[in-house]
>>> print(open('protein-v1.cif').read())   # mmCIF, C-alpha atoms and all ligand atoms
data_coords
#
loop_
_atom_site.label_atom_id
_atom_site.label_comp_id
_atom_site.auth_asym_id
_atom_site.auth_seq_id
_atom_site.Cartn_x
_atom_site.Cartn_y
_atom_site.Cartn_z
CA MET A 1 0.00 0.00 0.00
CA LEU A 2 1.49 3.32 -1.09
CA CYS A 3 0.40 6.27 1.04
CA LEU A 4 1.10 9.91 0.22
CA GLY A 5 1.14 12.27 3.23
CA ILE A 6 0.42 15.99 2.96
CA GLU A 7 1.23 18.38 5.82
CA SER A 8 0.25 22.05 5.55
CA SER A 9 -1.26 22.91 8.93
CA CYS A 10 1.12 25.75 9.81
CA ASP A 11 4.36 26.97 8.26
CA GLU A 12 5.94 23.79 6.87
CA THR A 13 4.84 22.19 3.61
CA GLY A 14 5.61 18.49 3.91
CA LEU A 15 5.03 15.65 1.49
CA ALA A 16 6.08 12.04 2.01
CA LEU A 17 5.55 8.55 0.68
CA VAL A 18 5.07 5.60 3.03
CA ARG A 19 4.91 2.13 1.54
CA ASP A 20 3.48 -0.60 3.79
CA GLY A 21 4.34 1.41 6.90
CA LYS A 22 7.90 2.30 5.85
CA LEU A 23 9.04 5.77 4.82
CA ILE A 24 10.46 5.74 1.29
CA ALA A 25 10.81 9.45 0.51
CA GLU A 26 9.95 12.88 1.87
CA LYS A 27 10.12 16.55 0.93
CA LEU A 28 9.87 19.56 3.20
CA ALA A 29 9.66 23.25 2.34
CA SER A 30 10.03 25.35 5.43
CA GLN A 31 8.66 28.90 5.53
CA VAL A 32 10.42 29.72 8.79
CA ASP A 33 12.63 32.38 7.20
CA VAL A 34 9.65 34.16 5.66
CA HIS A 35 7.74 34.35 8.96
CA ALA A 36 10.82 35.15 11.04
CA LEU A 37 10.73 38.61 9.45
CA PHE A 38 7.38 39.17 11.19
CA GLY A 39 8.25 37.45 14.50
CA GLY A 40 5.54 34.80 14.04
CA VAL A 41 3.47 32.95 11.44
CA VAL A 42 1.40 35.21 9.14
CA PRO A 43 -1.53 32.94 8.14
CA GLU A 44 -2.25 34.60 4.79
CA ILE A 45 1.38 34.33 3.67
CA ALA A 46 1.60 30.76 4.95
CA SER A 47 -1.43 29.67 2.88
CA ARG A 48 -0.03 31.20 -0.30
CA GLU A 49 3.36 29.57 0.29
CA HIS A 50 1.69 26.16 0.67
CA LEU A 51 -0.18 26.70 -2.60
CA ARG A 52 3.10 27.53 -4.30
CA ALA A 53 5.14 24.69 -2.78
CA LEU A 54 2.73 21.75 -2.95
CA PRO A 55 2.82 21.05 -6.73
CA VAL A 56 6.58 21.59 -6.91
CA LEU A 57 7.34 19.19 -4.05
CA MET A 58 4.87 16.66 -5.44
CA ARG A 59 6.53 16.63 -8.87
CA GLU A 60 10.00 16.19 -7.33
CA LEU A 61 8.86 13.48 -4.94
CA LEU A 62 7.25 11.34 -7.63
CA ARG A 63 9.95 11.93 -10.24
CA GLU A 64 12.75 10.90 -7.87
CA GLN A 65 10.91 7.67 -7.06
CA ASN A 66 9.89 6.95 -10.65
CA LEU A 67 6.26 6.95 -9.61
CA THR A 68 3.09 8.59 -10.94
CA THR A 69 -0.05 9.72 -9.14
CA ASP A 70 -1.72 6.50 -10.35
CA ASP A 71 0.58 4.48 -8.08
CA ILE A 72 -0.84 6.12 -4.94
CA ASP A 73 -3.36 4.04 -2.98
CA VAL A 74 -4.08 6.47 -0.13
CA VAL A 75 -3.85 10.26 0.00
CA SER A 76 -3.44 11.21 3.63
CA VAL A 77 -3.79 14.84 4.64
CA ALA A 78 -3.54 16.75 7.93
CA ARG A 79 -7.10 18.05 8.36
CA GLY A 80 -6.52 19.82 11.69
CA PRO A 81 -6.00 21.33 14.10
CA GLY A 82 -4.11 24.14 12.41
CA LEU A 83 -4.51 27.39 10.53
CA GLN A 84 -7.73 27.12 8.55
CA GLY A 85 -6.43 28.65 5.31
CA CYS A 86 -3.28 26.51 5.43
CA LEU A 87 -5.22 23.31 6.06
CA LEU A 88 -7.55 24.11 3.17
CA MET A 89 -4.58 24.26 0.78
CA GLY A 90 -3.53 20.73 1.73
CA LEU A 91 -7.11 19.45 1.71
CA SER A 92 -7.90 20.87 -1.73
CA PHE A 93 -4.68 19.44 -3.13
CA ALA A 94 -5.51 16.03 -1.60
CA LYS A 95 -9.07 16.04 -2.90
CA GLY A 96 -7.89 16.98 -6.39
CA LEU A 97 -5.57 13.98 -6.39
CA VAL A 98 -8.27 11.65 -5.11
CA LEU A 99 -10.69 12.85 -7.78
CA SER A 100 -8.20 12.26 -10.56
CA THR A 101 -6.97 8.82 -9.40
CA ARG A 102 -8.37 5.72 -7.73
CA ALA A 103 -6.76 6.63 -4.38
CA ARG A 104 -8.69 6.84 -1.14
CA LEU A 105 -8.69 9.90 1.11
CA ALA A 106 -7.63 9.83 4.77
CA GLY A 107 -7.98 13.02 6.83
CA VAL A 108 -5.70 12.70 9.82
CA ASN A 109 -5.49 14.46 13.15
CA HIS A 110 -2.20 16.36 13.11
CA LEU A 111 -1.72 15.85 16.88
CA TRP A 112 -2.24 12.11 16.75
CA ALA A 113 0.12 11.96 13.77
CA HIS A 114 2.88 13.56 15.88
CA LEU A 115 2.40 10.84 18.51
CA THR A 116 2.35 7.87 16.12
CA ALA A 117 5.31 9.17 14.04
CA ALA A 118 7.76 7.04 16.02
CA GLY A 119 5.95 3.99 14.56
CA LEU A 120 7.94 4.62 11.37
CA GLU A 121 11.03 3.43 13.24
CA GLN A 122 9.78 1.05 15.90
CA GLU A 123 6.66 -0.90 16.74
CA LEU A 124 4.26 1.08 18.93
CA GLN A 125 2.70 -0.64 21.90
CA TYR A 126 -0.80 -0.10 23.26
CA PRO A 127 -1.91 1.21 25.63
CA SER A 128 0.68 3.98 25.86
CA LEU A 129 0.76 7.39 27.45
CA GLY A 130 1.36 10.19 24.96
CA LEU A 131 2.72 13.66 25.69
CA LEU A 132 2.34 16.03 22.77
CA VAL A 133 4.33 19.24 23.18
CA SER A 134 4.24 21.51 20.15
CA GLY A 135 3.94 25.17 19.20
CA GLY A 136 0.18 25.11 19.56
CA HIS A 137 -0.58 22.24 21.95
CA THR A 138 0.42 20.58 25.19
CA HIS A 139 -1.71 17.46 25.50
CA ILE A 140 -1.53 14.24 27.50
CA TYR A 141 -3.35 11.29 25.91
CA LEU A 142 -4.06 7.71 26.79
CA ILE A 143 -3.47 5.91 23.49
CA GLU A 144 -5.22 2.55 23.27
CA GLY A 145 -4.84 1.96 19.53
CA PRO A 146 -3.84 3.83 16.35
CA LEU A 147 -7.32 5.42 16.25
CA GLU A 148 -8.13 5.38 19.98
CA PHE A 149 -6.91 8.49 21.78
CA THR A 150 -8.39 9.77 25.05
CA LEU A 151 -7.41 13.28 26.09
CA LEU A 152 -6.38 13.27 29.77
CA GLY A 153 -4.95 16.79 30.08
CA ARG A 154 -4.28 19.89 28.02
CA THR A 155 -3.00 23.40 28.30
CA LEU A 156 -5.52 25.94 29.54
CA ASP A 157 -3.70 28.80 27.83
CA ASP A 158 -0.28 28.89 26.13
CA ALA A 159 1.33 25.76 24.73
CA ALA A 160 4.83 24.73 25.82
CA GLY A 161 6.25 25.73 22.41
CA GLU A 162 4.60 29.13 22.70
CA ALA A 163 6.31 29.62 26.06
CA PHE A 164 9.65 28.93 24.36
CA ASP A 165 8.89 31.24 21.44
CA LYS A 166 7.69 34.07 23.69
CA THR A 167 10.71 33.73 25.96
CA ALA A 168 12.91 34.04 22.88
CA LYS A 169 10.92 37.05 21.69
CA SER A 170 11.23 38.81 25.06
CA LEU A 171 15.03 38.61 24.62
CA ASN A 172 14.85 39.65 20.95
CA LEU A 173 15.99 36.21 19.79
CA PRO A 174 14.68 35.17 16.35
CA TYR A 175 11.45 33.22 15.77
CA PRO A 176 10.86 30.32 16.35
CA GLY A 177 12.99 30.49 19.44
CA GLY A 178 12.69 27.00 20.92
CA LYS A 179 15.86 25.55 19.48
CA LEU A 180 17.99 28.58 20.35
CA VAL A 181 16.59 28.73 23.90
CA ASP A 182 17.52 25.05 24.19
CA ASP A 183 21.03 25.53 22.75
CA LEU A 184 21.88 28.62 24.83
CA GLY A 185 20.34 27.12 27.97
CA ARG A 186 22.60 24.09 27.63
CA GLN A 187 25.56 26.41 28.17
CA GLY A 188 24.06 27.92 31.33
CA VAL A 189 23.72 27.06 35.01
CA VAL A 190 20.26 26.24 36.35
CA ASN A 191 18.74 28.18 39.20
CA LYS A 192 15.72 26.04 40.13
CA LYS A 193 14.13 28.88 42.05
CA LEU A 194 14.41 31.56 39.36
CA PHE A 195 10.94 30.87 37.90
CA PRO A 196 7.95 29.28 39.65
CA VAL A 197 6.99 25.84 38.33
CA PRO A 198 3.57 26.77 36.95
CA TYR A 199 0.23 25.15 37.75
CA VAL A 200 1.38 21.98 39.48
CA ASN A 201 -0.13 22.46 42.97
CA ASN A 202 -3.46 20.94 41.98
CA ASP A 203 -4.86 17.51 41.30
CA ASN A 204 -5.27 17.59 37.52
CA LEU A 205 -3.32 16.78 34.36
CA ASP A 206 -3.78 20.17 32.71
CA PHE A 207 -1.08 22.76 32.04
CA SER A 208 -0.91 26.53 32.23
CA PHE A 209 2.16 28.33 30.93
CA SER A 210 0.84 31.90 30.97
CA GLY A 211 2.16 32.52 34.50
CA LEU A 212 5.62 31.42 33.41
CA LYS A 213 5.40 33.75 30.41
CA THR A 214 4.63 36.65 32.76
CA ALA A 215 7.45 35.64 35.12
CA VAL A 216 9.91 35.60 32.22
CA ALA A 217 8.65 38.96 30.90
CA THR A 218 8.97 40.51 34.38
CA TYR A 219 12.47 39.11 34.80
CA VAL A 220 13.60 40.41 31.41
CA ASN A 221 12.09 43.84 32.16
CA GLN A 222 14.04 43.96 35.40
CA HIS A 223 17.22 42.76 33.63
CA SER A 224 16.84 44.63 30.37
CA HIS A 225 20.56 44.31 29.57
CA LEU A 226 19.76 40.68 28.66
CA ARG A 227 17.60 41.79 25.74
CA LEU A 228 19.44 42.09 22.41
CA ASP A 229 19.33 45.54 20.80
CA VAL A 230 18.66 44.07 17.38
CA MET A 231 16.76 40.83 16.80
CA GLY A 232 19.17 38.01 15.97
CA GLN A 233 21.47 35.39 17.40
CA PRO A 234 23.70 36.62 20.21
CA ASP A 235 27.32 36.80 19.13
CA ASP A 236 29.81 35.92 21.89
CA ARG A 237 32.50 37.96 20.09
CA ASP A 238 30.86 41.34 20.53
CA GLU A 239 29.06 40.91 23.82
CA ASP A 240 30.13 41.30 27.42
CA PRO A 241 30.83 37.65 28.44
CA ALA A 242 29.15 38.21 31.82
CA ILE A 243 25.90 39.33 30.16
CA ALA A 244 26.00 36.47 27.66
CA GLN A 245 26.47 34.01 30.52
CA GLU A 246 23.69 35.58 32.58
CA ARG A 247 21.31 35.13 29.61
CA LYS A 248 22.39 31.50 29.23
CA ASN A 249 21.80 30.92 32.95
CA MET A 250 18.33 32.43 32.69
CA LEU A 251 17.51 30.19 29.72
CA ALA A 252 18.90 27.11 31.50
CA SER A 253 16.52 27.93 34.38
CA PHE A 254 13.64 28.42 31.94
CA ASN A 255 14.33 25.05 30.25
CA TYR A 256 14.44 23.45 33.69
CA THR A 257 11.09 24.98 34.69
CA VAL A 258 9.29 23.75 31.56
CA GLY A 259 10.87 20.31 31.94
CA ARG A 260 9.88 20.11 35.59
CA THR A 261 6.27 21.12 34.80
CA LEU A 262 5.96 18.41 32.18
CA GLU A 263 7.62 15.92 34.54
CA VAL A 264 5.12 16.51 37.38
CA LYS A 265 2.07 16.08 35.15
CA VAL A 266 3.37 13.09 33.19
CA LYS A 267 4.34 11.29 36.42
CA ARG A 268 0.85 11.97 37.75
CA ALA A 269 -0.71 10.61 34.56
CA LEU A 270 1.42 7.47 34.75
CA GLU A 271 0.48 6.91 38.40
CA ARG A 272 -3.16 7.02 37.32
CA ASN A 273 -2.67 4.73 34.31
CA ARG A 274 -0.44 2.01 35.68
CA GLY A 275 -1.03 -0.45 32.81
CA VAL A 276 0.58 1.60 30.03
CA LYS A 277 3.39 -0.10 28.13
CA SER A 278 5.35 2.96 27.00
CA LEU A 279 5.66 6.73 27.21
CA ILE A 280 5.54 8.48 23.84
CA VAL A 281 6.74 12.10 23.69
CA ALA A 282 6.30 14.02 20.43
CA GLY A 283 5.90 17.47 18.83
CA GLY A 284 8.44 20.22 18.25
CA VAL A 285 9.29 20.64 21.94
CA ALA A 286 10.15 16.91 22.14
CA ALA A 287 13.36 18.02 20.38
CA ASN A 288 14.32 19.91 23.57
CA SER A 289 17.33 18.40 25.33
CA VAL A 290 15.97 18.98 28.86
CA VAL A 291 12.54 17.58 27.98
CA ARG A 292 14.19 14.51 26.45
CA SER A 293 16.36 13.80 29.48
CA VAL A 294 13.57 14.51 32.00
CA MET A 295 11.22 12.14 30.15
CA ALA A 296 13.92 9.47 30.02
CA GLY A 297 14.07 9.71 33.83
CA VAL A 298 10.28 9.46 34.15
CA ALA A 299 10.05 6.41 31.89
CA ASP A 300 12.89 4.81 33.82
CA LYS A 301 11.12 5.41 37.15
CA PHE A 302 8.01 3.64 35.83
CA SER A 303 10.09 0.92 34.13
CA ILE A 304 8.58 1.54 30.71
CA PRO A 305 10.34 2.41 27.46
CA LEU A 306 10.49 6.03 26.33
CA VAL A 307 9.48 6.40 22.70
CA LEU A 308 10.82 9.54 21.04
CA PRO A 309 10.64 10.18 17.32
CA PRO A 310 14.01 10.99 15.74
CA MET A 311 14.67 14.74 15.58
CA HIS A 312 13.50 15.19 11.97
CA LEU A 313 10.14 13.62 12.82
CA CYS A 314 9.59 15.80 15.93
CA THR A 315 8.72 19.03 14.12
CA ASP A 316 6.01 19.19 11.43
CA ASN A 317 6.61 16.87 8.48
CA GLY A 318 4.81 14.90 5.79
CA ALA A 319 6.13 11.52 6.91
CA MET A 320 4.07 11.47 10.11
CA ILE A 321 0.94 12.35 8.11
CA ALA A 322 1.63 9.61 5.56
CA TYR A 323 2.15 7.10 8.38
CA ALA A 324 -1.03 8.15 10.21
CA GLY A 325 -2.94 7.73 6.94
CA TYR A 326 -1.39 4.31 6.52
CA LEU A 327 -2.59 3.34 10.02
CA MET A 328 -6.06 4.58 9.17
CA ALA A 329 -6.17 2.68 5.88
CA GLU A 330 -4.85 -0.46 7.61
CA ALA A 331 -7.84 -0.23 9.95
CA GLY A 332 -10.09 -0.01 6.87
CA CYS A 333 -11.02 3.63 7.54
CA TRP A 334 -11.17 6.55 5.12
CA HIS A 335 -12.98 9.82 4.35
CA ASP A 336 -15.12 10.98 1.46
CA LEU A 337 -14.81 14.33 -0.30
CA ASP A 338 -16.90 16.09 2.40
CA LEU A 339 -13.83 16.04 4.66
CA ASP A 340 -13.44 19.46 6.23
CA ALA A 341 -10.57 21.36 7.83
CA ILE A 342 -10.64 21.82 11.60
CA PRO A 343 -9.02 25.01 12.91
CA ARG A 344 -7.08 25.18 16.14
CA GLY A 345 -9.39 25.29 19.16
CA ARG A 346 -11.98 22.87 17.75
CA VAL A 347 -11.94 19.15 18.47
CA VAL A 348 -11.04 17.07 15.42
CA PRO A 349 -13.99 14.69 14.96
CA CYS A 350 -13.61 10.93 14.52
CA ASP A 351 -15.86 11.04 11.46
CA TRP A 352 -14.14 8.49 9.25
CA ILE A 353 -16.01 5.79 7.35
CA CYS A 354 -14.97 2.21 8.09
CA ASP A 355 -15.28 -0.82 5.83
CA ALA A 356 -17.08 -3.53 7.76
O1 LIG B 1 5.31 20.50 16.37
P1 LIG B 1 5.85 21.75 15.79
O2 LIG B 1 6.89 21.67 14.72
O3 LIG B 1 4.73 22.63 15.18
C1 LIG B 1 3.44 22.69 15.73
O4 LIG B 1 2.61 21.82 15.37
O5 LIG B 1 3.26 23.60 16.56
O6 LIG B 1 6.40 22.60 17.03
C2 LIG B 1 6.99 23.86 16.86
C3 LIG B 1 7.44 24.34 18.22
C4 LIG B 1 7.92 25.78 18.21
O7 LIG B 1 7.29 26.47 19.28
C5 LIG B 1 9.43 25.66 18.45
O8 LIG B 1 9.99 26.77 19.12
C6 LIG B 1 9.47 24.42 19.31
O9 LIG B 1 8.52 23.55 18.72
N1 LIG B 1 10.79 23.77 19.31
C7 LIG B 1 11.53 23.64 20.42
C8 LIG B 1 12.74 23.01 20.04
N2 LIG B 1 12.69 22.79 18.70
C9 LIG B 1 11.47 23.25 18.27
N3 LIG B 1 11.28 24.00 21.70
C10 LIG B 1 12.23 23.73 22.61
N4 LIG B 1 13.41 23.15 22.33
C11 LIG B 1 13.71 22.76 21.07
N5 LIG B 1 14.89 22.17 20.80
ZN ZN B 2 2.82 20.00 14.75
#
>>> encode(input="protein-v1.cif", output="structure tokens", more="lines below")
Ligand code: KG4
Ligand code: ZN
Amino acid sequence: MLCLGIESSCDETGLALVRDGKLIAEKLASQVDVHALFGGVVPEIASREHLRALPVLMRELLREQNLTTDDIDVVSVARGPGLQGCLLMGLSFAKGLVLSTRARLAGVNHLWAHLTAAGLEQELQYPSLGLLVSGGHTHIYLIEGPLEFTLLGRTLDDAAGEAFDKTAKSLNLPYPGGKLVDDLGRQGVVNKKLFPVPYVNNDNLDFSFSGLKTAVATYVNQHSHLRLDVMGQPDDRDEDPAIAQERKNMLASFNYTVGRTLEVKVKRALERNRGVKSLIVAGGVAANSVVRSVMAGVADKFSIPLVLPPMHLCTDNGAMIAYAGYLMAEAGCWHDLDLDAIPRGRVVPCDWICDA
């Protein structure tokens, strides 16, 4: 079974081919540089970039594999959550392909696709606990099968990735700031008390990062020498080494605080779901070095394996969408042409059609 995956939910256009559950080829066109000029994703520009990139990537992908659209059995597309206009670009492209070939359509949940992406490299076990930490979401799921996800906890305000990006922005570091905050923080010394660990003194599995955002903003306002005059990467050669180190220390403390928050809630979720066979951590923030090492410790404590997608499958990509579509098709499930896009903030419905 040859499955084409189409990702266009935000600012990455991703296409990939998965044959019988194995990734055979992928293409990614990142718009990060375009949006960095504006300090965040501009939805209108993102949609137009997807429209421009999709046919080009598609031609390259098929040509390099000596394939044609007629070889595709399943067209899998991220149908949400995401930016509505961006999702519609992917959906229209997918529907056009389905109409002109004999392929079936699979509309996949972008968040679930992040969590099952590791299945491209290793067999996933069920039930598992899933932590999805991305730019738009911080969700904990109980995953009982490829199409059986129960939401146990979610962020009430900002997502973990947003907290990283806003911390970067407060220091005038370029967008998206997560990777740089991670890299600089790794060179710093943690002060565990610098920022309060947000929203853990309760009994639930939800997150709230807005208090941490305020704490960071207040700290930067009180230590304004840490903010770069011009947006960009700090350059050790023309900065006071003491200031550069102070910024690194602050970011190390920030990384610690996010890691600790995730640790408390994931441990709590595992205590309440003792039967799970693995801990899956996915989404852009799963690339964070502190998050990775904290989650390794948690999995170890509960004597279960930690499943982390390789770095290139952590951030948005077409391969995870192709694989999620493959899982859907394997279960005999698909969508018709009524498939609609689901914007961020709305629950993605389980409205697929299943062969008996
Ligand atoms: O999953 P993703 O690629 O896109 C969404 O679906 O949101 O996640 C993007 C987010 C951004 O907020 C980015 O700053 C963050 O992931 N990110 C990181 C790291 N790499 C990417 N955050 C912390 N540490 C990293 N190494
Ligand atoms: Zn994503």
>>> closest_residue(input="protein-v1.cif", among="A:Leu171, A:Gln233, A:Ala341, A:Met328", to="Asp355 of chain A", atoms="all atoms listed in the file")
A:Met328
>>> closest_atom_pairs(input="protein-v1.cif", of="segment 98-164 of chain A", to="segment 200-210 of chain A", cutoff="9 Å", atoms="only C-alpha atoms", output="tab-separated table")
residue	atom	partner	partner_atom	distance
A:Thr138	CA	A:Phe207	CA	7.3
A:His139	CA	A:Asp206	CA	8.0
A:Ile140	CA	A:Leu205	CA	7.5
A:Leu152	CA	A:Leu205	CA	6.5
A:Gly153	CA	A:Asp206	CA	4.4
A:Arg154	CA	A:Asp206	CA	4.7
A:Thr155	CA	A:Phe207	CA	4.3
A:Leu156	CA	A:Ser208	CA	5.4
A:Asp157	CA	A:Ser208	CA	5.7
A:Asp158	CA	A:Phe209	CA	5.4
A:Ala159	CA	A:Phe209	CA	6.8
A:Ala160	CA	A:Phe209	CA	6.8
A:Glu162	CA	A:Phe209	CA	8.6
A:Ala163	CA	A:Phe209	CA	6.5
>>> residues_near_ligand(input="protein-v1.cif", ligand="ligand ZN 2 (chain B)", cutoff="8 Å", atoms="all atoms listed in the file", output="PyMOL selection string")
chain A and resi 9-10+110-111+114+134-136+283-284+315-317
>>> residues_around(input="protein-v1.cif", residues="segment 182-185 of chain A", least_positions_apart="6", cutoff="6 Å", atoms="all atoms listed in the file", output="PyMOL selection string")
chain A and resi 248+251-252
>>> write_last_selection(input="protein-v1.cif", atoms="C-alpha atoms", output="short mmCIF file (atom, residue, chain, number, x, y, z; two decimals), in the coordinates of the input")
data_model
loop_
_atom_site.label_atom_id
_atom_site.label_comp_id
_atom_site.auth_asym_id
_atom_site.auth_seq_id
_atom_site.Cartn_x
_atom_site.Cartn_y
_atom_site.Cartn_z
CA LYS A 248 22.39 31.50 29.23
CA LEU A 251 17.51 30.19 29.72
CA ALA A 252 18.90 27.11 31.50
#
>>> closest_atom_pairs(input="protein-v1.cif", of="segment 157-181 of chain A", to="segment 218-222 of chain A", cutoff="12 Å", atoms="all atoms listed in the file", output="JSON lines")
{"residue": "A:Lys166", "atom": "CA", "partner": "A:Val220", "partner_atom": "CA", "distance": 11.6}
{"residue": "A:Thr167", "atom": "CA", "partner": "A:Val220", "partner_atom": "CA", "distance": 9.1}
{"residue": "A:Ala168", "atom": "CA", "partner": "A:Val220", "partner_atom": "CA", "distance": 10.7}
{"residue": "A:Lys169", "atom": "CA", "partner": "A:Val220", "partner_atom": "CA", "distance": 10.6}
{"residue": "A:Ser170", "atom": "CA", "partner": "A:Val220", "partner_atom": "CA", "distance": 7.0}
{"residue": "A:Leu171", "atom": "CA", "partner": "A:Val220", "partner_atom": "CA", "distance": 7.2}
{"residue": "A:Asn172", "atom": "CA", "partner": "A:Val220", "partner_atom": "CA", "distance": 10.6}
>>> atom_distance(input="protein-v1.cif", atom1="atom CA of Phe195 of chain A", atom2="atom CA of Ser224 of chain A")
16.8 Å
>>> build_atoms(input="protein-v1.cif", residues="segment 183-194 of chain A", atoms="N, CA, C and O atoms", output="PDB file, keeping the file's coordinate frame")
ATOM      1  N   ASP A 183      19.578  25.527  22.966  1.00  0.00           N
ATOM      2  CA  ASP A 183      21.030  25.530  22.750  1.00  0.00           C
ATOM      3  C   ASP A 183      21.759  26.456  23.734  1.00  0.00           C
ATOM      4  O   ASP A 183      22.782  26.084  24.323  1.00  0.00           O
ATOM      5  N   LEU A 184      21.220  27.672  23.912  1.00  0.00           N
ATOM      6  CA  LEU A 184      21.880  28.620  24.830  1.00  0.00           C
ATOM      7  C   LEU A 184      21.750  28.130  26.274  1.00  0.00           C
ATOM      8  O   LEU A 184      22.697  28.223  27.064  1.00  0.00           O
ATOM      9  N   GLY A 185      20.577  27.602  26.606  1.00  0.00           N
ATOM     10  CA  GLY A 185      20.340  27.120  27.970  1.00  0.00           C
ATOM     11  C   GLY A 185      21.296  26.001  28.352  1.00  0.00           C
ATOM     12  O   GLY A 185      21.704  25.872  29.501  1.00  0.00           O
ATOM     13  N   ARG A 186      21.683  25.206  27.355  1.00  0.00           N
ATOM     14  CA  ARG A 186      22.600  24.090  27.630  1.00  0.00           C
ATOM     15  C   ARG A 186      23.975  24.580  28.084  1.00  0.00           C
ATOM     16  O   ARG A 186      24.736  23.850  28.695  1.00  0.00           O
ATOM     17  N   GLN A 187      24.251  25.843  27.767  1.00  0.00           N
ATOM     18  CA  GLN A 187      25.560  26.410  28.170  1.00  0.00           C
ATOM     19  C   GLN A 187      25.448  27.178  29.483  1.00  0.00           C
ATOM     20  O   GLN A 187      26.400  27.822  29.920  1.00  0.00           O
ATOM     21  N   GLY A 188      24.269  27.145  30.115  1.00  0.00           N
ATOM     22  CA  GLY A 188      24.060  27.920  31.330  1.00  0.00           C
ATOM     23  C   GLY A 188      23.956  27.059  32.581  1.00  0.00           C
ATOM     24  O   GLY A 188      23.971  25.826  32.512  1.00  0.00           O
ATOM     25  N   VAL A 189      23.839  27.737  33.711  1.00  0.00           N
ATOM     26  CA  VAL A 189      23.720  27.060  35.010  1.00  0.00           C
ATOM     27  C   VAL A 189      22.287  27.265  35.505  1.00  0.00           C
ATOM     28  O   VAL A 189      21.780  28.392  35.509  1.00  0.00           O
ATOM     29  N   VAL A 190      21.664  26.169  35.923  1.00  0.00           N
ATOM     30  CA  VAL A 190      20.260  26.240  36.350  1.00  0.00           C
ATOM     31  C   VAL A 190      20.132  26.823  37.757  1.00  0.00           C
ATOM     32  O   VAL A 190      20.865  26.441  38.662  1.00  0.00           O
ATOM     33  N   ASN A 191      19.183  27.758  37.881  1.00  0.00           N
ATOM     34  CA  ASN A 191      18.740  28.180  39.200  1.00  0.00           C
ATOM     35  C   ASN A 191      17.283  27.716  39.309  1.00  0.00           C
ATOM     36  O   ASN A 191      16.390  28.285  38.670  1.00  0.00           O
ATOM     37  N   LYS A 192      17.055  26.670  40.098  1.00  0.00           N
ATOM     38  CA  LYS A 192      15.720  26.040  40.130  1.00  0.00           C
ATOM     39  C   LYS A 192      14.649  26.970  40.682  1.00  0.00           C
ATOM     40  O   LYS A 192      13.465  26.725  40.518  1.00  0.00           O
ATOM     41  N   LYS A 193      15.110  27.994  41.402  1.00  0.00           N
ATOM     42  CA  LYS A 193      14.130  28.880  42.050  1.00  0.00           C
ATOM     43  C   LYS A 193      13.862  30.153  41.233  1.00  0.00           C
ATOM     44  O   LYS A 193      13.073  30.994  41.641  1.00  0.00           O
ATOM     45  N   LEU A 194      14.543  30.291  40.087  1.00  0.00           N
ATOM     46  CA  LEU A 194      14.410  31.560  39.360  1.00  0.00           C
ATOM     47  C   LEU A 194      12.978  31.803  38.890  1.00  0.00           C
ATOM     48  O   LEU A 194      12.451  32.900  39.012  1.00  0.00           O
TER      49      LEU A 194
END
